[in-house]
Each structure stands twice: as structure tokens, then as C-alpha cells.
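A short write-up of the structure that comes next.
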Amino acid sequence: TTHLVWLRNDLRITDNKALHAACSDPQAQVVALFIATPQQWRQHEMAPRQAAFIYANLLPLQSQLAQRGIPLVVHQCDDFADSVRWLTDYCRTTGVDALFYNRQYELNERRRDRQVETALADTLTCHAFDDALLLPPGSVQTGKGEMYQVYTPFRKAFLQRLYSADVRSLPAPAVRASGAISPPAPPVPFVDPDAAWDAAAFPPGEEHALRRLRTFCLEQVQDYRQQRDFPALDATSGLSPYLAIGVLSPRQCVNRLRLTCPDLLEQPDGGAFTWLNELVWREFYRHLLVAYPALCRHRPFIGWTEAVRWNPDAGALQAWQQGRTGYPIVDAAMRQLNNTGWMHNRLRMIVASFLVKDLLIDWRAGERYFMRQLLDGDFAANNGGWQWAASTGTDAAPYFRIFNPTTQGERFDPQGAFIRKWLPELADVPDNELHHPHRWAEKQGIALAYPPPIVDHRQARLTTLAAFEAAKRGG
Ligand code: FAD
């Protein structure tokens, strides 16, 4: 018998439910498959650097599978429709008896999987697993059997369930009885050769991800609560790119965290609990997506926000994208994103708020731009983060709560260490003036090679409040 494991967002050998199940019959011949769909990825705004990261992670995966006697076939199709046709054909012609895969929860992905299951219903058995989340969507509900719309009660119910659920990590499969195979030639690249990410910060491979997780839980997590909001510190795990494409599983994160901090639930003010809380946000947004499929179509959760009259200013959008708004914390953050593919969470909140509340630009333009740049691009987390910042989502900040980009900078980058790293044109500005460099330059009679603020925050705030109020009134 031949078992085919179709890998998608689960590029790892340890704690992979589909792979584990496919290997449970010692007699079966196990083959792994990855299908690249560059055209579909472009439609989904996937960052070219995330595609490059996927490719880079397939190489160590391929050799780890080979050591266990499992070949990894990598094939390229245009889009999901094409992949359904090709996979159906492949299974029929190579005589696959059973197909194993871990579920994805976005609309197009689910449609694709239904099509595959239907097309192959007469040919083989399909085994699908809930693997990408700690608890499957739909399993954490209110007393009325509905999805929570507010985070805190969701978390409470979630943690109760989590602690009675079996979330043990599964081991990597053993070497097949037939023995190891020689590593196949690297797959034909499906990536843009110019797509660069910060490979020193995010080296590919499961081993790196596991090592980072271990070090973070041992050495850093206790300070996470105090330090996580300061982008100049290396105080967060940096695991998001690995979690986004499944080089690491959330079960591995939770199990490692519990091992190093067994009493984390008793210390809700501790770093470990705070970190667990972030992993629960990840679950919350994914559960929401399944409960409210309209989110996958970029609809706002709060309907009346559809009526906000956004500012169509393409120049302002471009200034934001390029880090030329004249607000140093915003610009430094955007340059970090453009250069590395990653941005600190505090900064994501600041720049998202700036785009929506200071420039009054439709949050969907920001959501799209983030996806095109992020190494950790994840539809649910990104959409959830944008709708939170734009005050259009569940559990969103109310629309009248608007970040002041200057005071946010002063608070979270007090010495300007982060800003200095990304804005060399401000090198001569003293620390205590970094958040309003033009004020300083004027006093000194110096011309800065840095743009003046693109908007006046106080004025912009009033304009935005008026636009949201008008939309809420229905006109
Ligand atoms: P840590 O602080 O170490 O957190 C651990 C893990 O928890 C993260 O790796 C991530 O998987 C998860 N997590 C943390 N915060 C959140 C959150 N607010 N929502 C959901 N999951 C979270 N995260 C993504 O993974 N992909 C995205 O595309 C994405 N887009 C975002 C867009 C906006 C506007 C905002 C405000 C946030 C977004 N986030 C996104 C969430 C968060 O900013 C990143 O997960 C985090 O910065 C990643 O760094 P880390 O791995 O060091 O996080």
C-alpha cells in the first residue's frame, strides 16, 4: 500500500499529525508531496520572500525525510484548481491508496480540499487532521454554542479546554523498514531570486526553530511581560515565520513552555502566561475565520465601518509603504519590514493605526501591503491585527481610541535605539529630540534629509473621528 502525505503549511517531521498517521502502518510505502502554486500565492498576496522561505525550508525537510526512507516530491502548479487536477491524476496513476493531510482553514484552501476529496472519493481514502492549532475551530464556544466575539472570555474557555485536552507532541517518524534513501536532487526553484529576507535572523529548518524555542523558554520568557513592547530589545521569540508555514507547531510551543514553567497558570502576571496568551490570540483569529467566513473576503466584522469614506491618496499610501511619513517610529518600522520581512508587534500596531487613523486610508490597503512583505504572513493573524487596529473587527479598539505616533515612539523607544538603526539620516539628532527631529533641526538652523510630517496628528485625529462618526450615523 502507498500512503501519500500532502504537506502544505506543516513543513516539519516532528509533531506532524498527517505524517505520523501515514507512517503508522509499517508496511506502507510512504511518499511526501509538496505542491507549489505561485499564481495562487500571488492572488493571495503572499510575499515573494515567504515563498523563498518555504523553498529554503523544503531543502532540510527533504533530507530529513530521506533519512527516514520517505521521498519528498515537489511539484509546481499554477493555482489551486490546477493542483486539484494534477493531484487527482498523480494519485490515480501512481496507485496511491490513502491520502493524508493537515487541514487549512481559509476559504480557498478549504474549497480546494473538498474538491480533492470529491474527485478521489472512488479511488482512495482521505485522512484529514486538525494540526495547525492547539484546539480545532468550533471546539471553544459560548454556552449558546457560538463563537466568542470578545477575546478575554474566549481565552478563559480556551485555557480550560486546553488543560484537559491531549496536546502532546508526536515524535518524528522512525526510519521505514525499507531503510534510508539517498537525498533527492533539490527541487526546481519556484521563487523570485531577488526575494530576500533576513536569513541570519531566520535561518531555515526545523532544528533552528526548535532550538530558538528552547532558548526562548529557558532564557527569555521570564522577562517577556516587561520587555515585549520595546522593539529595540530582542525580547520576543521571533518564531512567527516558522509558525506561519508550520516548521514549528503550537503544541511544540506550549509543551516546551510548560516544561520550563510548569506553574505558569498560577502566575498570570508572569512572562510565561503572557506568552501563552499570544499563542491563544493566534488561535482566536483562526477560530474567528472559520466562524465568520466573510472575514476571508476582507469584509469588516463591524458592518457600519464599510461606510467610512477612506482617503484615496495614493501618494500618502506610498509614503507610508516606503517609510517616508516624517514620523520616525513609523518610518523605522516600515523600513524594518521592507528590509527583513518582519516587524515587531508593537510597531505593527503603531503603523497600522497610523495608516488608518492618521492617513484615513482603507485598512485593506495596509493588510495587503503587509502580506506582500511579511515573512510570517498569516491571513488570520494579519486580518485580525488590521481589523483590531482599524476598529472594524471583533474585540477591536473603539474607533475613538487613536494612537499618537509621537508619544508611542517616546514610550516604547525612549532612547531611540530602534529608530537610529533604521533611519541613518537622523544620526546627528540627539536622543531626546529623535521623536520630533524637525523641531530640533529648526532650532539649530539645519536642514534634515528627512521628510517633514506628512500630516498633523491632531488635525488628522479630528478628521478621522468625523469620518467614523459619519459612517456610524449612516451617511
Ligand atoms: P511572540 O511575541 O514571541 O509571540 C509568539 C507567537 O504568538 C507569534 O510567533 C505568533 O505566532 C503568535 N502571536 C503573537 N501575537 C499575536 C497576535 N497579536 N495575533 C496572532 N498571533 C500572535 N502575526 C503573524 O504571525 N502573521 C501576520 O501576518 C501578522 N500580522 C499582523 C498585523 C498586524 C497589524 C498586527 C497588529 C499584528 C500582526 N501579527 C501577525 C501578530 C504579531 O505582531 C506577530 O505574531 C508577532 O509580532 C511575531 O513576533 P514573535 O514571533 O516574536 O512573537
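We name chains A, B, ... following the order of the C-alpha cells; residues begin at 1 in each chain, and ligands are numbered from 1 as shown.
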Write out as CSV a residue-level contact list of chain A versus ligand 1 with cut-off 6 Å: for each qualifying residue the closest pair of atoms and the distance in Å to one decimal, counting only C-alpha atoms and all ligand atoms, rows sorted by chain and residue number upward.
residue,atom,partner,partner_atom_place_in_ligand_line,distance
A:Thr236,CA,ligand 1,52 (O),4.0
A:Ser237,CA,ligand 1,3 (O),3.6
A:Gly238,CA,ligand 1,52 (O),3.3
A:Leu239,CA,ligand 1,51 (O),3.9
A:Ser240,CA,ligand 1,9 (O),3.2
A:Leu243,CA,ligand 1,11 (O),5.7
A:Ala244,CA,ligand 1,25 (O),5.8
A:Glu278,CA,ligand 1,14 (C),4.3
A:Leu279,CA,ligand 1,7 (O),4.1
A:Trp281,CA,ligand 1,20 (C),4.7
A:Arg282,CA,ligand 1,21 (N),3.5
A:His344,CA,ligand 1,47 (O),4.7
A:Asn345,CA,ligand 1,43 (O),3.5
A:Arg348,CA,ligand 1,36 (C),4.5
A:Met349,CA,ligand 1,36 (C),4.2
A:Ala352,CA,ligand 1,34 (C),5.4
A:Asp376,CA,ligand 1,26 (N),4.7
A:Gly377,CA,ligand 1,28 (O),3.5
A:Asp378,CA,ligand 1,28 (O),4.0
A:Ala381,CA,ligand 1,20 (C),4.4
A:Asn382,CA,ligand 1,30 (N),3.3
A:Gly385,CA,ligand 1,35 (C),3.8
A:Trp386,CA,ligand 1,34 (C),4.2
Counting only C-alpha atoms, what is within 12 Å of Arg364 (chain A), bar same-chain residues fewer than 5 positions away, as a list in words?
Glu45, Leu295, Cys296, Arg297, His298, Arg299, Pro300, Glu306, Trp310, Leu317, Ala352, Leu355, Val356, Tyr369, Phe370, Met371, Asn382, Asn383, Gly384, Gly385, Trp386, Gln387, Ala389, Ala390 and Thr392 of chain A
Got a sec: who's within 12 Å of Pro203 (chain A), counting only C-alpha atoms, leaving out chain neighbours fewer than 2 positions off, as JSON, numbers by chain?
{"A": [52, 53, 54, 56, 57, 60, 197, 198, 199, 200, 201, 205, 206, 207, 208, 209, 210, 211, 212, 238, 239, 241, 242, 247, 375]}
Please dump the current selection as a compact mmCIF listing (two decimals), in the first residue's frame; keep N, CA and C atoms.
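Once everything was written out, this is part_20.txt:
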# COMPACT_ATOMS: atom_id res chain seq x y z
N ALA A 52 10.14 32.18 -0.81
CA ALA A 52 11.56 31.81 -0.76
C ALA A 52 11.87 31.08 0.55
N PHE A 53 11.23 31.50 1.61
CA PHE A 53 11.43 30.86 2.92
C PHE A 53 10.86 29.42 2.90
N ILE A 54 9.73 29.27 2.25
CA ILE A 54 9.15 27.92 2.11
C ILE A 54 10.14 27.03 1.35
N ALA A 56 13.33 27.37 0.99
CA ALA A 56 14.54 27.12 1.78
C ALA A 56 14.27 26.08 2.88
N ASN A 57 13.05 26.03 3.36
CA ASN A 57 12.72 25.03 4.39
C ASN A 57 12.46 23.65 3.81
N PRO A 60 16.07 21.22 3.87
CA PRO A 60 16.36 20.34 5.01
C PRO A 60 15.26 19.30 5.25
N TRP A 197 15.11 37.77 2.56
CA TRP A 197 14.68 38.00 3.93
C TRP A 197 15.93 38.01 4.78
N ASP A 198 15.78 38.30 6.07
CA ASP A 198 16.93 38.34 6.94
C ASP A 198 17.27 36.89 7.33
N ALA A 199 18.08 36.23 6.49
CA ALA A 199 18.33 34.80 6.68
C ALA A 199 19.20 34.53 7.90
N ALA A 200 19.94 35.54 8.35
CA ALA A 200 20.73 35.34 9.57
C ALA A 200 19.79 35.30 10.77
N ALA A 201 18.76 36.13 10.74
CA ALA A 201 17.80 36.16 11.85
C ALA A 201 16.84 34.97 11.79
N GLY A 205 14.80 25.73 8.59
CA GLY A 205 14.98 24.40 9.18
C GLY A 205 14.35 24.27 10.56
N GLU A 206 13.74 23.10 10.71
CA GLU A 206 13.07 22.75 11.95
C GLU A 206 14.00 22.80 13.16
N GLU A 207 15.25 22.39 12.95
CA GLU A 207 16.18 22.36 14.09
C GLU A 207 16.40 23.75 14.64
N HIS A 208 16.51 24.74 13.75
CA HIS A 208 16.70 26.12 14.20
C HIS A 208 15.49 26.59 14.99
N ALA A 209 14.32 26.26 14.47
CA ALA A 209 13.10 26.70 15.15
C ALA A 209 13.01 26.08 16.54
N LEU A 210 13.31 24.79 16.62
CA LEU A 210 13.22 24.11 17.93
C LEU A 210 14.26 24.65 18.90
N ARG A 211 15.44 24.93 18.38
CA ARG A 211 16.49 25.46 19.24
C ARG A 211 16.09 26.84 19.77
N ARG A 212 15.54 27.66 18.88
CA ARG A 212 15.14 29.00 19.30
C ARG A 212 14.03 28.92 20.34
N GLY A 238 10.47 35.62 18.09
CA GLY A 238 10.87 35.58 16.68
C GLY A 238 10.50 34.26 16.01
N LEU A 239 9.48 33.60 16.52
CA LEU A 239 9.11 32.29 15.96
C LEU A 239 8.01 32.38 14.90
N PRO A 241 7.70 33.41 11.77
CA PRO A 241 7.86 32.88 10.42
C PRO A 241 7.78 31.35 10.37
N TYR A 242 8.26 30.71 11.44
CA TYR A 242 8.24 29.25 11.49
C TYR A 242 6.82 28.73 11.75
N VAL A 247 6.79 25.13 10.21
CA VAL A 247 8.08 24.50 10.53
C VAL A 247 8.08 24.14 12.02
N LEU A 375 7.40 37.92 6.14
CA LEU A 375 7.91 36.55 6.14
C LEU A 375 6.95 35.66 6.93
Report the residues of region 111-339 of chain A whose backbone DSSP state falls under strand (DSSP E or B), written as a PyMOL selection string.
chain A and resi 125-129
Would you mind exporting the chosen residues as a PDB file, in the first residue's frame, restricted to C-alpha atoms?
ATOM      1  CA  THR A 125      -9.393   7.164   1.429  1.00  0.00           C
ATOM      2  CA  CYS A 126      -8.585  10.668   2.674  1.00  0.00           C
ATOM      3  CA  HIS A 127      -7.469  11.317   6.230  1.00  0.00           C
ATOM      4  CA  ALA A 128      -7.582  14.965   7.311  1.00  0.00           C
ATOM      5  CA  PHE A 129      -6.269  16.231  10.656  1.00  0.00           C
TER       6      PHE A 129
END
